[in-house]
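Q: My file is upload_4.cif. It has mmCIF, C-alpha atoms:
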```cif
data_model
loop_
_atom_site.label_atom_id
_atom_site.label_comp_id
_atom_site.auth_asym_id
_atom_site.auth_seq_id
_atom_site.Cartn_x
_atom_site.Cartn_y
_atom_site.Cartn_z
CA MET A 706 44.68 20.55 -6.10
CA ASP A 707 44.87 23.63 -8.27
CA ASN A 708 46.03 26.02 -5.53
CA LEU A 709 48.68 23.64 -4.19
CA LYS A 710 51.52 26.08 -4.73
CA ALA A 711 49.70 28.84 -2.84
CA VAL A 712 48.90 26.53 0.08
CA ILE A 713 52.50 25.38 0.41
CA GLU A 714 53.75 28.95 0.19
CA ALA A 715 51.37 29.99 2.99
CA LEU A 716 52.42 27.09 5.21
CA ILE A 717 56.09 27.91 4.85
CA PHE A 718 55.38 31.61 5.34
CA VAL A 719 53.67 31.26 8.72
CA SER A 720 56.14 28.76 10.15
CA ASP A 721 59.05 29.94 12.26
CA THR A 722 61.08 26.78 11.68
CA PRO A 723 61.85 24.99 8.43
CA VAL A 724 58.74 23.12 7.23
CA THR A 725 59.40 19.54 6.22
CA VAL A 726 57.70 17.70 3.38
CA ALA A 727 56.30 15.31 6.00
CA VAL A 728 54.52 18.18 7.75
CA ILE A 729 53.05 19.47 4.47
CA GLU A 730 52.01 15.92 3.59
CA GLY A 731 50.21 15.60 6.91
CA ILE A 732 48.17 18.70 6.14
CA LEU A 733 47.49 17.99 2.46
CA GLU A 734 46.55 14.35 2.63
CA ASP A 735 45.80 13.51 -0.98
CA VAL A 736 48.89 14.98 -2.59
CA THR A 737 51.80 12.76 -3.58
CA LYS A 738 55.31 13.38 -2.30
CA LYS A 739 56.50 13.78 -5.86
CA GLU A 740 53.92 16.45 -6.54
CA LEU A 741 54.91 18.25 -3.35
CA SER A 742 58.62 18.24 -4.11
CA SER A 743 58.19 19.51 -7.63
CA THR A 744 55.83 22.27 -6.45
CA VAL A 745 58.31 23.38 -3.77
CA ASP A 746 61.06 23.34 -6.38
CA ASP A 747 58.89 25.58 -8.57
CA LEU A 748 58.46 27.99 -5.65
CA ILE A 749 62.19 28.05 -4.91
CA ARG A 750 62.87 28.86 -8.56
CA GLU A 751 60.21 31.59 -8.65
CA TYR A 752 61.70 33.39 -5.67
CA LYS A 753 65.17 33.05 -7.14
CA GLU A 754 64.08 34.45 -10.49
CA ARG A 755 62.28 37.32 -8.82
CA GLY A 756 65.48 38.19 -6.95
CA GLY A 757 63.63 40.11 -4.25
CA GLY A 758 64.15 40.52 -0.55
CA ILE A 759 63.33 36.98 0.48
CA PHE A 760 64.29 33.59 -0.85
CA LEU A 761 62.94 30.13 -0.26
CA LYS A 762 65.71 27.88 1.01
CA GLU A 763 66.04 24.20 1.73
CA ILE A 764 67.23 23.98 5.33
CA ALA A 765 67.67 21.11 7.79
CA GLY A 766 65.43 18.80 5.80
CA GLY A 767 62.72 21.43 5.40
CA TYR A 768 61.93 24.72 3.71
CA GLN A 769 62.17 28.23 5.08
CA PHE A 770 62.01 31.81 3.84
CA ARG A 771 65.22 33.75 4.41
CA THR A 772 66.32 37.26 3.62
CA GLY A 773 68.70 37.81 0.73
CA GLU A 774 72.41 37.62 1.50
CA THR A 775 73.08 41.14 0.24
CA LEU A 776 70.56 42.76 2.59
CA THR A 777 72.34 42.07 5.86
CA PRO A 778 73.19 45.64 6.96
CA TRP A 779 69.63 46.87 6.71
CA VAL A 780 67.92 43.92 8.32
CA ARG A 781 70.49 43.89 11.09
CA LYS A 782 69.73 47.54 11.78
CA LEU A 783 66.05 46.75 12.15
CA LYS A 784 66.78 43.85 14.46
CA GLY A 785 69.10 46.02 16.50
CA GLN A 786 70.55 42.95 18.16
CA LYS A 787 74.04 41.70 18.41
CA PRO A 788 74.32 38.71 16.09
CA MET A 789 75.35 35.38 17.48
CA ASP A 790 79.09 35.54 17.46
CA LEU A 791 81.33 32.53 17.72
CA SER A 792 84.97 33.13 18.57
CA PRO A 793 87.55 31.54 16.24
CA ALA A 794 88.25 28.98 18.99
CA ALA A 795 84.57 28.09 19.25
CA MET A 796 84.29 27.90 15.46
CA GLU A 797 87.28 25.53 15.29
CA THR A 798 85.77 23.32 17.98
CA LEU A 799 82.45 23.32 16.16
CA ALA A 800 84.19 22.45 12.88
CA VAL A 801 85.89 19.42 14.43
CA ILE A 802 82.57 18.23 15.86
CA ALA A 803 80.68 18.85 12.62
CA TYR A 804 83.12 16.92 10.42
CA ARG A 805 84.17 14.23 12.87
CA GLN A 806 80.91 13.40 14.63
CA PRO A 807 80.22 11.35 16.64
CA VAL A 808 83.34 12.58 18.41
CA MET A 809 84.77 12.43 21.93
CA LYS A 810 86.09 15.46 23.78
CA SER A 811 89.57 13.92 23.89
CA GLU A 812 89.56 13.65 20.08
CA ILE A 813 88.65 17.33 19.71
CA GLU A 814 91.40 18.27 22.14
CA LYS A 815 93.90 16.18 20.22
CA VAL A 816 93.14 18.10 17.04
CA ARG A 817 93.13 21.54 18.64
CA GLY A 818 95.94 20.90 21.09
CA VAL A 819 94.10 22.65 23.92
CA ASP A 820 91.43 21.97 26.50
CA VAL A 821 87.96 22.53 25.04
CA SER A 822 85.72 22.08 28.12
CA GLY A 823 84.60 25.71 28.27
CA LEU A 824 84.05 25.97 24.54
CA LEU A 825 82.10 22.73 24.50
CA ARG A 826 79.85 23.99 27.30
CA GLY A 827 79.22 27.19 25.34
CA LEU A 828 78.30 25.27 22.19
CA LEU A 829 75.98 23.00 24.17
CA GLU A 830 74.33 26.06 25.72
CA LYS A 831 73.86 27.62 22.28
CA ASN A 832 72.26 24.35 21.27
CA LEU A 833 74.61 23.96 18.30
CA VAL A 834 76.07 20.78 19.76
CA ARG A 835 74.42 17.92 21.58
CA ILE A 836 75.42 14.86 23.52
CA MET A 837 74.79 11.86 21.29
CA GLY A 838 75.44 9.25 23.94
CA ARG A 839 78.38 7.39 25.37
CA LYS A 840 81.01 5.42 23.55
CA ASN A 841 81.19 1.77 24.41
CA VAL A 842 84.83 1.82 25.51
CA PRO A 843 86.32 1.86 29.01
CA GLY A 844 85.28 4.98 30.89
CA ARG A 845 82.23 5.28 28.60
CA PRO A 846 83.19 8.77 27.39
CA ILE A 847 80.50 11.14 26.14
CA ILE A 848 80.25 11.55 22.38
CA TYR A 849 79.17 14.78 20.78
CA GLY A 850 77.45 15.72 17.55
CA THR A 851 75.74 18.72 15.98
CA THR A 852 72.09 19.64 16.33
CA ARG A 853 69.29 20.57 13.97
CA LYS A 854 69.86 24.14 15.06
CA PHE A 855 73.41 23.84 13.73
CA LEU A 856 72.00 23.04 10.28
CA GLU A 857 69.52 25.91 10.57
CA THR A 858 72.19 28.35 11.74
CA PHE A 859 74.55 27.57 8.89
CA GLY A 860 71.79 27.20 6.33
CA LEU A 861 72.56 23.56 5.52
CA LYS A 862 70.15 21.06 3.98
CA ALA A 863 71.83 18.22 5.85
CA LEU A 864 75.25 17.33 7.20
CA SER A 865 76.19 16.04 3.75
CA ASP A 866 75.73 19.64 2.60
CA LEU A 867 78.81 20.75 4.59
CA PRO A 868 81.60 22.08 2.39
CA THR A 869 84.11 19.37 1.57
CA LEU A 870 86.90 19.16 4.08
CA ARG A 871 90.12 20.14 2.37
CA GLU A 872 92.52 17.82 4.08
CA PHE A 873 96.17 18.58 4.24
CA LYS A 874 97.80 15.24 3.79
CA GLU A 875 101.26 14.34 4.69
CA LEU A 876 103.51 14.01 1.70
CA GLU A 877 104.63 10.51 0.98
CA GLY A 878 108.33 9.73 0.96
CA MET B 1122 97.15 49.84 29.05
CA THR B 1123 100.17 48.54 27.15
CA ASP B 1124 99.87 45.21 28.91
CA LYS B 1125 96.31 45.00 27.74
CA ALA B 1126 97.39 45.59 24.15
CA TYR B 1127 99.90 42.74 24.35
CA GLU B 1128 97.33 40.46 25.82
CA ILE B 1129 95.01 41.05 22.90
CA LYS B 1130 97.84 40.47 20.44
CA LEU B 1131 98.78 37.16 21.98
CA ASP B 1132 95.18 36.23 22.30
CA ILE B 1133 95.03 35.81 18.54
CA PHE B 1134 96.62 32.38 18.92
CA GLU B 1135 94.08 29.67 19.49
CA GLY B 1136 96.62 27.40 21.11
CA PRO B 1137 100.17 26.09 20.78
CA LEU B 1138 99.55 24.49 17.38
CA ASP B 1139 98.19 27.77 16.08
CA LEU B 1140 101.29 29.59 17.28
CA LEU B 1141 103.49 27.00 15.60
CA LEU B 1142 101.58 27.32 12.32
CA TYR B 1143 101.96 31.07 12.53
CA LEU B 1144 105.74 30.78 12.99
CA ILE B 1145 106.02 28.40 10.04
CA ARG B 1146 104.05 30.82 7.86
CA LYS B 1147 105.96 33.84 9.12
CA ASN B 1148 109.33 32.26 8.35
CA GLU B 1149 108.04 30.97 5.03
CA VAL B 1150 109.38 27.52 5.71
CA ASP B 1151 108.09 24.19 4.48
CA ILE B 1152 105.70 22.54 6.88
CA TYR B 1153 107.00 19.15 5.68
CA ASP B 1154 110.58 20.13 6.45
CA ILE B 1155 110.41 22.33 9.54
CA PRO B 1156 113.76 23.84 10.57
CA ILE B 1157 113.27 22.67 14.12
CA ALA B 1158 116.09 24.67 15.75
CA LEU B 1159 114.87 27.98 14.35
CA ILE B 1160 111.19 27.37 15.05
CA THR B 1161 111.88 26.08 18.57
CA LYS B 1162 113.93 29.19 19.33
CA GLN B 1163 111.17 31.51 18.18
CA TYR B 1164 108.50 29.49 19.93
CA MET B 1165 110.41 29.80 23.20
CA GLU B 1166 110.70 33.54 22.68
CA TYR B 1167 106.94 33.83 22.43
CA ILE B 1168 106.48 31.69 25.50
CA ASN B 1169 108.87 33.94 27.42
CA VAL B 1170 107.02 37.08 26.34
CA MET B 1171 103.78 35.54 27.52
CA ARG B 1172 105.41 34.59 30.80
CA SER B 1173 106.93 38.01 31.38
CA LEU B 1174 103.48 39.51 30.91
CA ASN B 1175 102.19 37.16 33.58
CA LEU B 1176 99.68 35.76 31.17
CA ASP B 1177 97.96 32.66 32.28
CA LEU B 1178 99.94 30.30 30.13
CA ALA B 1179 97.99 27.17 29.34
CA GLY B 1180 99.88 24.00 30.17
CA GLU B 1181 99.52 22.90 26.55
CA TYR B 1182 101.98 25.61 25.45
CA LEU B 1183 104.62 24.20 27.75
CA LEU B 1184 103.88 20.67 26.63
CA LEU B 1185 104.54 21.59 23.02
CA ALA B 1186 107.68 23.46 24.09
CA ALA B 1187 108.92 20.24 25.64
CA THR B 1188 108.01 18.29 22.51
CA LEU B 1189 109.90 20.74 20.30
CA THR B 1190 112.98 20.58 22.50
CA HIS B 1191 112.84 16.81 22.45
CA ILE B 1192 112.60 16.71 18.66
CA LYS B 1193 115.45 19.17 18.38
CA SER B 1194 117.71 17.01 20.55
CA ARG B 1195 116.81 13.87 18.61
CA MET B 1196 117.71 15.58 15.36
CA LEU B 1197 121.07 16.65 16.72
CA LEU B 1198 121.99 13.17 17.86
CA PRO B 1199 123.89 11.08 15.39
CA THR B 1200 121.47 8.43 14.22
CA SER B 1201 122.32 4.94 15.34
CA GLU B 1202 122.02 2.06 12.94
CA GLU B 1203 118.77 0.74 14.38
CA GLU B 1204 117.12 4.10 14.05
CA GLU B 1205 118.30 4.46 10.53
CA GLU B 1206 116.56 1.23 9.73
CA GLU B 1207 113.32 2.61 11.11
CA ASP B 1208 113.88 5.62 8.87
CA GLU B 1209 111.67 7.74 11.04
CA ASP B 1210 111.79 11.49 11.07
CA PRO B 1211 111.36 12.73 14.66
CA ARG B 1212 109.19 15.53 13.26
CA GLU B 1213 106.70 13.17 11.66
CA GLU B 1214 104.14 13.05 14.45
CA LEU B 1215 104.26 16.80 14.92
CA VAL B 1216 103.78 17.43 11.20
CA ARG B 1217 100.80 15.09 11.15
CA GLN B 1218 99.28 16.97 14.09
CA LEU B 1219 99.91 20.33 12.49
CA LEU B 1220 98.34 19.27 9.20
CA GLU B 1221 95.27 18.00 10.94
CA TYR B 1222 94.94 21.19 12.92
CA LYS B 1223 95.39 23.22 9.75
CA THR B 1224 92.61 21.23 8.09
CA PHE B 1225 90.13 22.16 10.79
CA LYS B 1226 91.34 25.72 11.15
CA GLU B 1227 90.48 26.21 7.50
CA ALA B 1228 87.20 24.32 7.90
CA ALA B 1229 86.29 26.76 10.69
CA LEU B 1230 87.02 29.69 8.39
CA GLY B 1231 84.82 27.98 5.81
CA LEU B 1232 81.97 27.75 8.31
CA ASP B 1233 82.45 31.38 9.25
CA ARG B 1234 82.14 32.42 5.61
CA MET B 1235 78.72 30.81 5.32
CA SER B 1236 75.50 32.78 5.56
CA ILE B 1237 74.82 32.47 9.25
CA LEU B 1238 71.27 32.83 10.47
CA GLY B 1239 70.89 35.88 12.67
CA ARG B 1240 74.19 37.33 11.44
CA ASP B 1241 73.99 37.42 7.64
CA VAL B 1242 70.54 36.16 6.79
CA PHE B 1243 67.31 36.26 8.72
CA SER B 1244 64.11 34.30 8.98
CA ARG B 1245 60.81 35.00 10.64
CA ASP B 1246 61.18 35.94 14.27
CA GLN B 1247 60.59 33.19 16.76
CA ALA B 1248 60.51 35.21 19.97
CA PHE B 1249 56.93 36.43 19.65
CA ASP B 1250 55.46 33.01 19.05
CA GLU B 1251 57.46 31.52 21.86
CA ILE B 1252 56.02 33.92 24.41
CA GLU B 1253 52.50 33.22 23.15
CA GLY B 1254 53.02 29.50 23.36
CA ASP B 1255 54.34 29.74 26.85
CA ASP B 1256 51.22 31.47 28.10
CA GLN B 1257 48.97 28.92 26.48
CA LEU B 1258 50.86 26.17 28.18
CA PHE B 1259 50.10 27.56 31.61
CA ARG B 1260 46.51 28.07 32.50
CA GLU B 1261 45.46 30.71 34.93
CA ILE B 1262 44.31 29.35 38.25
CA GLY B 1263 42.02 30.57 40.99
CA ILE B 1264 41.66 30.57 44.74
CA PHE B 1265 41.01 26.83 45.16
CA GLU B 1266 44.20 25.72 43.53
CA LEU B 1267 46.12 28.20 45.64
CA VAL B 1268 44.49 27.00 48.86
CA GLU B 1269 45.30 23.42 47.89
CA ALA B 1270 48.91 24.38 47.25
CA PHE B 1271 49.11 26.22 50.54
CA ARG B 1272 47.71 23.22 52.36
CA ARG B 1273 50.47 21.06 50.89
CA VAL B 1274 53.16 23.53 51.88
CA SER B 1275 51.88 23.92 55.41
CA VAL B 1276 51.55 20.16 55.84
CA GLY B 1277 55.08 19.88 54.58
CA THR B 1278 56.33 22.00 57.42
CA GLY B 1279 54.95 19.50 59.91
CA ARG B 1280 54.92 22.15 62.57
CA HIS B 1281 51.30 22.14 63.63
CA ASP B 1282 52.11 21.18 67.13
CA ILE B 1283 55.11 23.34 67.72
CA MET B 1284 54.48 26.43 69.72
CA GLU B 1285 55.97 29.43 68.13
CA ILE B 1286 57.24 32.43 69.90
CA ASP B 1287 56.50 35.36 67.69
CA VAL B 1288 59.69 37.31 67.37
CA GLU B 1289 59.35 38.35 63.78
CA LYS B 1290 57.09 41.33 63.30
CA ILE B 1291 55.24 40.87 60.05
CA SER B 1292 52.52 42.98 58.55
CA LEU B 1293 50.35 42.12 55.61
CA SER B 1294 51.21 45.28 53.71
CA ASP B 1295 54.92 44.60 54.16
CA ARG B 1296 54.54 41.14 52.64
CA ILE B 1297 52.48 42.59 49.78
CA ASN B 1298 55.18 45.11 49.02
CA ASP B 1299 57.94 42.51 49.30
CA ILE B 1300 56.21 40.21 46.84
CA VAL B 1301 55.59 42.97 44.30
CA ASP B 1302 59.19 44.14 44.62
CA GLU B 1303 60.48 40.64 44.09
CA LEU B 1304 58.22 40.10 41.07
CA GLU B 1305 59.34 43.36 39.52
CA LYS B 1306 62.92 42.22 39.93
CA ARG B 1307 62.57 38.63 38.75
CA GLY B 1308 59.47 38.69 36.54
CA GLU B 1309 58.18 35.37 37.76
CA LEU B 1310 58.14 33.51 41.04
CA THR B 1311 56.90 30.10 41.95
CA PHE B 1312 54.61 29.50 44.84
CA THR B 1313 57.34 27.61 46.64
CA ASP B 1314 59.79 30.50 46.13
CA LEU B 1315 57.46 32.57 48.25
CA LEU B 1316 56.33 29.98 50.74
CA ARG B 1317 59.40 28.26 52.06
CA GLU B 1318 59.00 25.35 54.36
CA THR B 1319 61.55 26.84 56.72
CA ASP B 1320 59.44 29.95 57.20
CA SER B 1321 57.59 30.33 60.45
CA ARG B 1322 53.93 29.43 60.34
CA ARG B 1323 52.97 33.00 60.98
CA ARG B 1324 55.10 34.16 58.07
CA LEU B 1325 53.63 31.49 55.80
CA ILE B 1326 50.12 32.63 56.61
CA TYR B 1327 50.89 36.28 56.02
CA THR B 1328 52.61 35.49 52.73
CA PHE B 1329 49.64 33.44 51.63
CA LEU B 1330 47.18 36.16 52.61
CA ALA B 1331 49.29 38.67 50.71
CA ILE B 1332 49.17 36.49 47.58
CA LEU B 1333 45.39 36.20 47.88
CA GLU B 1334 45.06 39.94 48.37
CA LEU B 1335 47.22 40.68 45.33
CA MET B 1336 45.18 38.26 43.23
CA LYS B 1337 41.95 39.82 44.37
CA LEU B 1338 43.29 43.24 43.41
CA ARG B 1339 44.32 41.74 40.02
CA ILE B 1340 47.88 42.87 40.60
CA ILE B 1341 49.21 39.37 40.11
CA ASN B 1342 48.10 36.27 38.22
CA ALA B 1343 48.85 32.69 39.08
CA TYR B 1344 49.45 29.98 36.48
CA GLN B 1345 49.85 26.26 36.52
CA ALA B 1346 50.83 23.88 33.71
CA VAL B 1347 49.25 20.76 35.16
CA PRO B 1348 47.02 20.15 38.19
CA TYR B 1349 49.16 20.04 41.34
CA GLY B 1350 52.09 21.29 39.26
CA ALA B 1351 54.31 24.19 40.20
CA ILE B 1352 52.38 27.41 40.54
CA ARG B 1353 53.94 30.40 38.82
CA ILE B 1354 53.12 33.93 39.81
CA ARG B 1355 53.51 36.93 37.55
CA LEU B 1356 52.50 40.57 37.67
CA ALA B 1357 49.22 41.08 35.80
CA GLY B 1358 49.50 42.88 32.46
CA GLY B 1359 53.28 42.55 32.83
CA THR B 1360 55.20 45.78 32.57
CA ASP B 1361 57.76 44.11 30.34
CA GLY B 1362 55.21 43.00 27.75
#
```
What's the structure tokens form of this structure?
A:
Amino acid sequence: MDNLKAVIEALIFVSDTPVTVAVIEGILEDVTKKELSSTVDDLIREYKERGGGIFLKEIAGGYQFRTGETLTPWVRKLKGQKPMDLSPAAMETLAVIAYRQPVMKSEIEKVRGVDVSGLLRGLLEKNLVRIMGRKNVPGRPIIYGTTRKFLETFGLKALSDLPTLREFKELEG
Amino acid sequence: MTDKAYEIKLDIFEGPLDLLLYLIRKNEVDIYDIPIALITKQYMEYINVMRSLNLDLAGEYLLLAATLTHIKSRMLLPTSEEEEEEDEDPREELVRQLLEYKTFKEAALGLDRMSILGRDVFSRDQAFDEIEGDDQLFREIGIFELVEAFRRVSVGTGRHDIMEIDVEKISLSDRINDIVDELEKRGELTFTDLLRETDSRRRLIYTFLAILELMKLRIINAYQAVPYGAIRIRLAGGTDG
């Protein structure tokens, strides 16, 4: 396919969620995965080199166009909306869930030292956190984890893309 | 006004552990060797300020206050031989808790520094497509589907044989106006919102006639996702786009 790059670019452009390689594969049947990945990588590099208003990013296992990080004030003005704002308490709760998942509410509360019911409800409503199931221990408590939208919101390729947790260890002796 | 200002100031603590971390930082003391007497004293002072302001003090603050006092008393006691063998610092558990909290507090700051979608970076808007998709999901329906739905509602009332004494004065134009008002307020209504089984038969019939009239006049449209599914009613050519 000689216009492969253009086709992929168009597919990513029209999509409002990150486009996965699997989706592109389903549309372009006779192209190998390897060919696809290297073409997407080419595209990512091209946008980076151009250094324009939009960049192609790898997000939540797919690809998506995003505005440049230095353009925030102008785009925000156009949008005219209040950006999603998480309070420090909500952000702390989300951090515990993101790094410790699957995690029980009692575990989050142990780390934060306060009740997190309200915050947890808010994060569930924002679809950043989901119920992963129940733990097979007495009382069968609910276990929580992050969603795909969490990855999209924080611009992560996958959970492994989270910044390394800088743990403060207790000194020995 | 001044109370409000205090409230905001104290609100900066995310919980008892956060307050404790703040005190450790403020006093520039070693987290691994907390001067318990000093920190407990200051912690209590904060608690008292919060109390005097009648702030809703979370129980967790008091719990930690009790823990601190307990640790303080254990450190004052001369250590018995058995305890010396255990070689356990009464602060150990608290330090472990504080370090773990500190880890995640910093992780949260790390998350906050990332390029957040909708705050720092943007992608193509989803709202427009969502509205389009929603309309495609529901197909517009006609008179027959409505009559069928009405039949099911009126059967549901099971009141065919009950004689009704007409006390409620209803007119068709009143019902028409009510429905339009309600739609303007709420944007969308379901058929069953309008036709409640508890309504009198006369009221049901007038409501139904009003819906038919409004559809005929193309003031409202009715949609249904699946046959026999919930019927949704919206104002035609919606004023809100």
Q: Please, which residues in chain A fall within 9 Å of chain B when counting all atoms listed in the file, and what is the closest atom pair and distance in Å to one decimal for each, ordered by chain then residue number, as a tab-separated table?
A:
```
residue	atom	partner	partner_atom	distance
A:Phe718	CA	B:Arg1245	CA	8.3
A:Val719	CA	B:Arg1245	CA	8.3
A:Ser720	CA	B:Arg1245	CA	7.8
A:Asp721	CA	B:Arg1245	CA	5.6
A:Thr722	CA	B:Gln1247	CA	8.2
A:Ile759	CA	B:Ser1244	CA	8.9
A:Gln769	CA	B:Ser1244	CA	7.5
A:Phe770	CA	B:Ser1244	CA	6.1
A:Arg771	CA	B:Ser1244	CA	4.7
A:Thr772	CA	B:Phe1243	CA	5.3
A:Gly773	CA	B:Val1242	CA	6.5
A:Glu774	CA	B:Val1242	CA	5.8
A:Thr775	CA	B:Asp1241	CA	8.3
A:Leu776	CA	B:Val1242	CA	7.8
A:Thr777	CA	B:Asp1241	CA	5.2
A:Pro778	CA	B:Asp1241	CA	8.3
A:Val780	CA	B:Phe1243	CA	7.7
A:Arg781	CA	B:Arg1240	CA	7.5
A:Gln786	CA	B:Gly1239	CA	9.0
A:Lys787	CA	B:Arg1240	CA	8.2
A:Pro788	CA	B:Arg1240	CA	4.9
A:Met789	CA	B:Arg1240	CA	6.5
A:Asp790	CA	B:Arg1240	CA	8.0
A:Leu791	CA	B:Asp1233	CA	8.6
A:Pro793	CA	B:Ala1229	CA	7.4
A:Ala794	CA	B:Glu1135	CA	5.9
A:Ala795	CA	B:Ala1229	CA	8.8
A:Met796	CA	B:Ala1229	CA	5.3
A:Glu797	CA	B:Ala1229	CA	4.9
A:Thr798	CA	B:Ala1229	CA	8.1
A:Leu799	CA	B:Ala1229	CA	7.5
A:Ala800	CA	B:Ala1229	CA	5.3
A:Val801	CA	B:Phe1225	CA	6.2
A:Tyr804	CA	B:Phe1225	CA	8.8
A:Lys815	CA	B:Gln1218	CA	8.2
A:Val816	CA	B:Tyr1222	CA	5.5
A:Arg817	CA	B:Tyr1222	CA	6.0
A:Gly818	CA	B:Leu1138	CA	6.3
A:Val819	CA	B:Glu1181	CA	6.0
A:Asp820	CA	B:Glu1181	CA	8.1
A:Glu857	CA	B:Leu1238	CA	7.1
A:Thr858	CA	B:Leu1238	CA	4.7
A:Phe859	CA	B:Ile1237	CA	4.9
A:Gly860	CA	B:Ile1237	CA	6.7
A:Leu867	CA	B:Leu1232	CA	8.5
A:Pro868	CA	B:Gly1231	CA	7.5
A:Thr869	CA	B:Ala1228	CA	8.6
A:Leu870	CA	B:Ala1228	CA	6.4
A:Arg871	CA	B:Thr1224	CA	6.3
A:Glu872	CA	B:Thr1224	CA	5.3
A:Phe873	CA	B:Leu1220	CA	5.5
A:Lys874	CA	B:Leu1220	CA	6.8
A:Glu875	CA	B:Arg1217	CA	6.5
A:Leu876	CA	B:Tyr1153	CA	7.4
```
Q: Restricting the calculation to all atoms listed in the file: of B:Ala1270, B:Leu1333, B:Leu1338, B:Val1301, which residue gets closest to B:Thr1313?
A: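 So, comparing all the options, the nearest one is B:Ala1270.
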Q: Spell out the residues picked by the PyMOL selection byres ((chain A and resi 750-754) around 12) here, as a list in words.
A: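 Matching residues under the PyMOL selection byres ((chain A and resi 750-754) around 12) are Lys710, Glu714, Ser743, Thr744, Val745, Asp746, Asp747, Leu748, Ile749, Arg755, Gly756, Gly757, Gly758, Ile759, Phe760, Leu761, Lys762, Glu763, Gln769, Phe770, Arg771, Thr772 and Gly773 of chain A.
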Q: Convert the current residue selection to file output with C-alpha atoms, as a PDB file, in the coordinates of the input.
A:
```pdb
ATOM      1  CA  LYS A 710      51.520  26.080  -4.730  1.00  0.00           C
ATOM      2  CA  GLU A 714      53.750  28.950   0.190  1.00  0.00           C
ATOM      3  CA  SER A 743      58.190  19.510  -7.630  1.00  0.00           C
ATOM      4  CA  THR A 744      55.830  22.270  -6.450  1.00  0.00           C
ATOM      5  CA  VAL A 745      58.310  23.380  -3.770  1.00  0.00           C
ATOM      6  CA  ASP A 746      61.060  23.340  -6.380  1.00  0.00           C
ATOM      7  CA  ASP A 747      58.890  25.580  -8.570  1.00  0.00           C
ATOM      8  CA  LEU A 748      58.460  27.990  -5.650  1.00  0.00           C
ATOM      9  CA  ILE A 749      62.190  28.050  -4.910  1.00  0.00           C
ATOM     10  CA  ARG A 755      62.280  37.320  -8.820  1.00  0.00           C
ATOM     11  CA  GLY A 756      65.480  38.190  -6.950  1.00  0.00           C
ATOM     12  CA  GLY A 757      63.630  40.110  -4.250  1.00  0.00           C
ATOM     13  CA  GLY A 758      64.150  40.520  -0.550  1.00  0.00           C
ATOM     14  CA  ILE A 759      63.330  36.980   0.480  1.00  0.00           C
ATOM     15  CA  PHE A 760      64.290  33.590  -0.850  1.00  0.00           C
ATOM     16  CA  LEU A 761      62.940  30.130  -0.260  1.00  0.00           C
ATOM     17  CA  LYS A 762      65.710  27.880   1.010  1.00  0.00           C
ATOM     18  CA  GLU A 763      66.040  24.200   1.730  1.00  0.00           C
ATOM     19  CA  GLN A 769      62.170  28.230   5.080  1.00  0.00           C
ATOM     20  CA  PHE A 770      62.010  31.810   3.840  1.00  0.00           C
ATOM     21  CA  ARG A 771      65.220  33.750   4.410  1.00  0.00           C
ATOM     22  CA  THR A 772      66.320  37.260   3.620  1.00  0.00           C
ATOM     23  CA  GLY A 773      68.700  37.810   0.730  1.00  0.00           C
TER      24      GLY A 773
END
```
Q: Please, what distance in Å, to one decimal, runs between atom CA of B:Glu1305 and atom CA of B:Ile1340?
A: 11.5 Å
Q: Using the chain letters and numbers from this file, what does the PyMOL selection byres ((chain A and resi 827-840) around 6) select? Give the answer as a PyMOL selection string.
A: chain A and resi 824-826+841-842+845-852+854-855
Q: What box, with edges along x, y and z, holds each listed atom of stretch 1302-1308 of chain B when 4 Å is added on every side, and can you state its centre and edge lengths in Å to one decimal, as lines of an AutoDock Vina configuration file?
A:
```
center_x = 60.6
center_y = 41.4
center_z = 40.6
size_x = 12.7
size_y = 13.5
size_z = 16.1
```
Q: Calculate how many Å separate atom CA of A:Ala765 from atom CA of A:Ser792, rounding to one decimal.
A: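 Distance between the two atoms: 23.7 Å.
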Q: Please enumerate the residues selected by the PyMOL selection byres ((chain A and resi 810) around 8) when evaluated against the supplied file, formatted as a short mmCIF file (atom, residue, chain, number, x, y, z; two decimals) with C-alpha atoms, in the coordinates of the input.
A:
```
data_model
loop_
_atom_site.label_atom_id
_atom_site.label_comp_id
_atom_site.auth_asym_id
_atom_site.auth_seq_id
_atom_site.Cartn_x
_atom_site.Cartn_y
_atom_site.Cartn_z
CA VAL A 808 83.34 12.58 18.41
CA MET A 809 84.77 12.43 21.93
CA SER A 811 89.57 13.92 23.89
CA GLU A 812 89.56 13.65 20.08
CA ILE A 813 88.65 17.33 19.71
CA GLU A 814 91.40 18.27 22.14
CA VAL A 821 87.96 22.53 25.04
CA SER A 822 85.72 22.08 28.12
CA ILE A 847 80.50 11.14 26.14
CA ILE A 848 80.25 11.55 22.38
CA TYR A 849 79.17 14.78 20.78
#
```
Q: For A:Thr725, which residue out of A:Tyr768, A:Lys738, A:Val712, A:Gln806 is the nearest one, using all atoms listed in the file?
A: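 Closest to A:Thr725 of all the choices is A:Tyr768.
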Q: Calculate how many Å separate atom CA of B:Ile1264 from atom CA of B:Gly1308, rounding to one decimal.
A: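 If I compute the distance from atom CA of B:Ile1264 to atom CA of B:Gly1308, I get 21.2 Å.
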Q: Mind checking which residues fall within 10 Å of B:Leu1310, counting only C-alpha atoms, ignoring those fewer than 6 positions away in the same chain, and posting them as a short mmCIF file (atom, residue, chain, number, x, y, z; two decimals) with C-alpha atoms, keeping the file's coordinate frame?
A:
```cif
data_model
loop_
_atom_site.label_atom_id
_atom_site.label_comp_id
_atom_site.auth_asym_id
_atom_site.auth_seq_id
_atom_site.Cartn_x
_atom_site.Cartn_y
_atom_site.Cartn_z
CA ILE B 1300 56.21 40.21 46.84
CA GLU B 1303 60.48 40.64 44.09
CA LEU B 1304 58.22 40.10 41.07
CA ALA B 1343 48.85 32.69 39.08
CA ILE B 1352 52.38 27.41 40.54
CA ARG B 1353 53.94 30.40 38.82
CA ILE B 1354 53.12 33.93 39.81
CA ARG B 1355 53.51 36.93 37.55
CA LEU B 1356 52.50 40.57 37.67
#
```
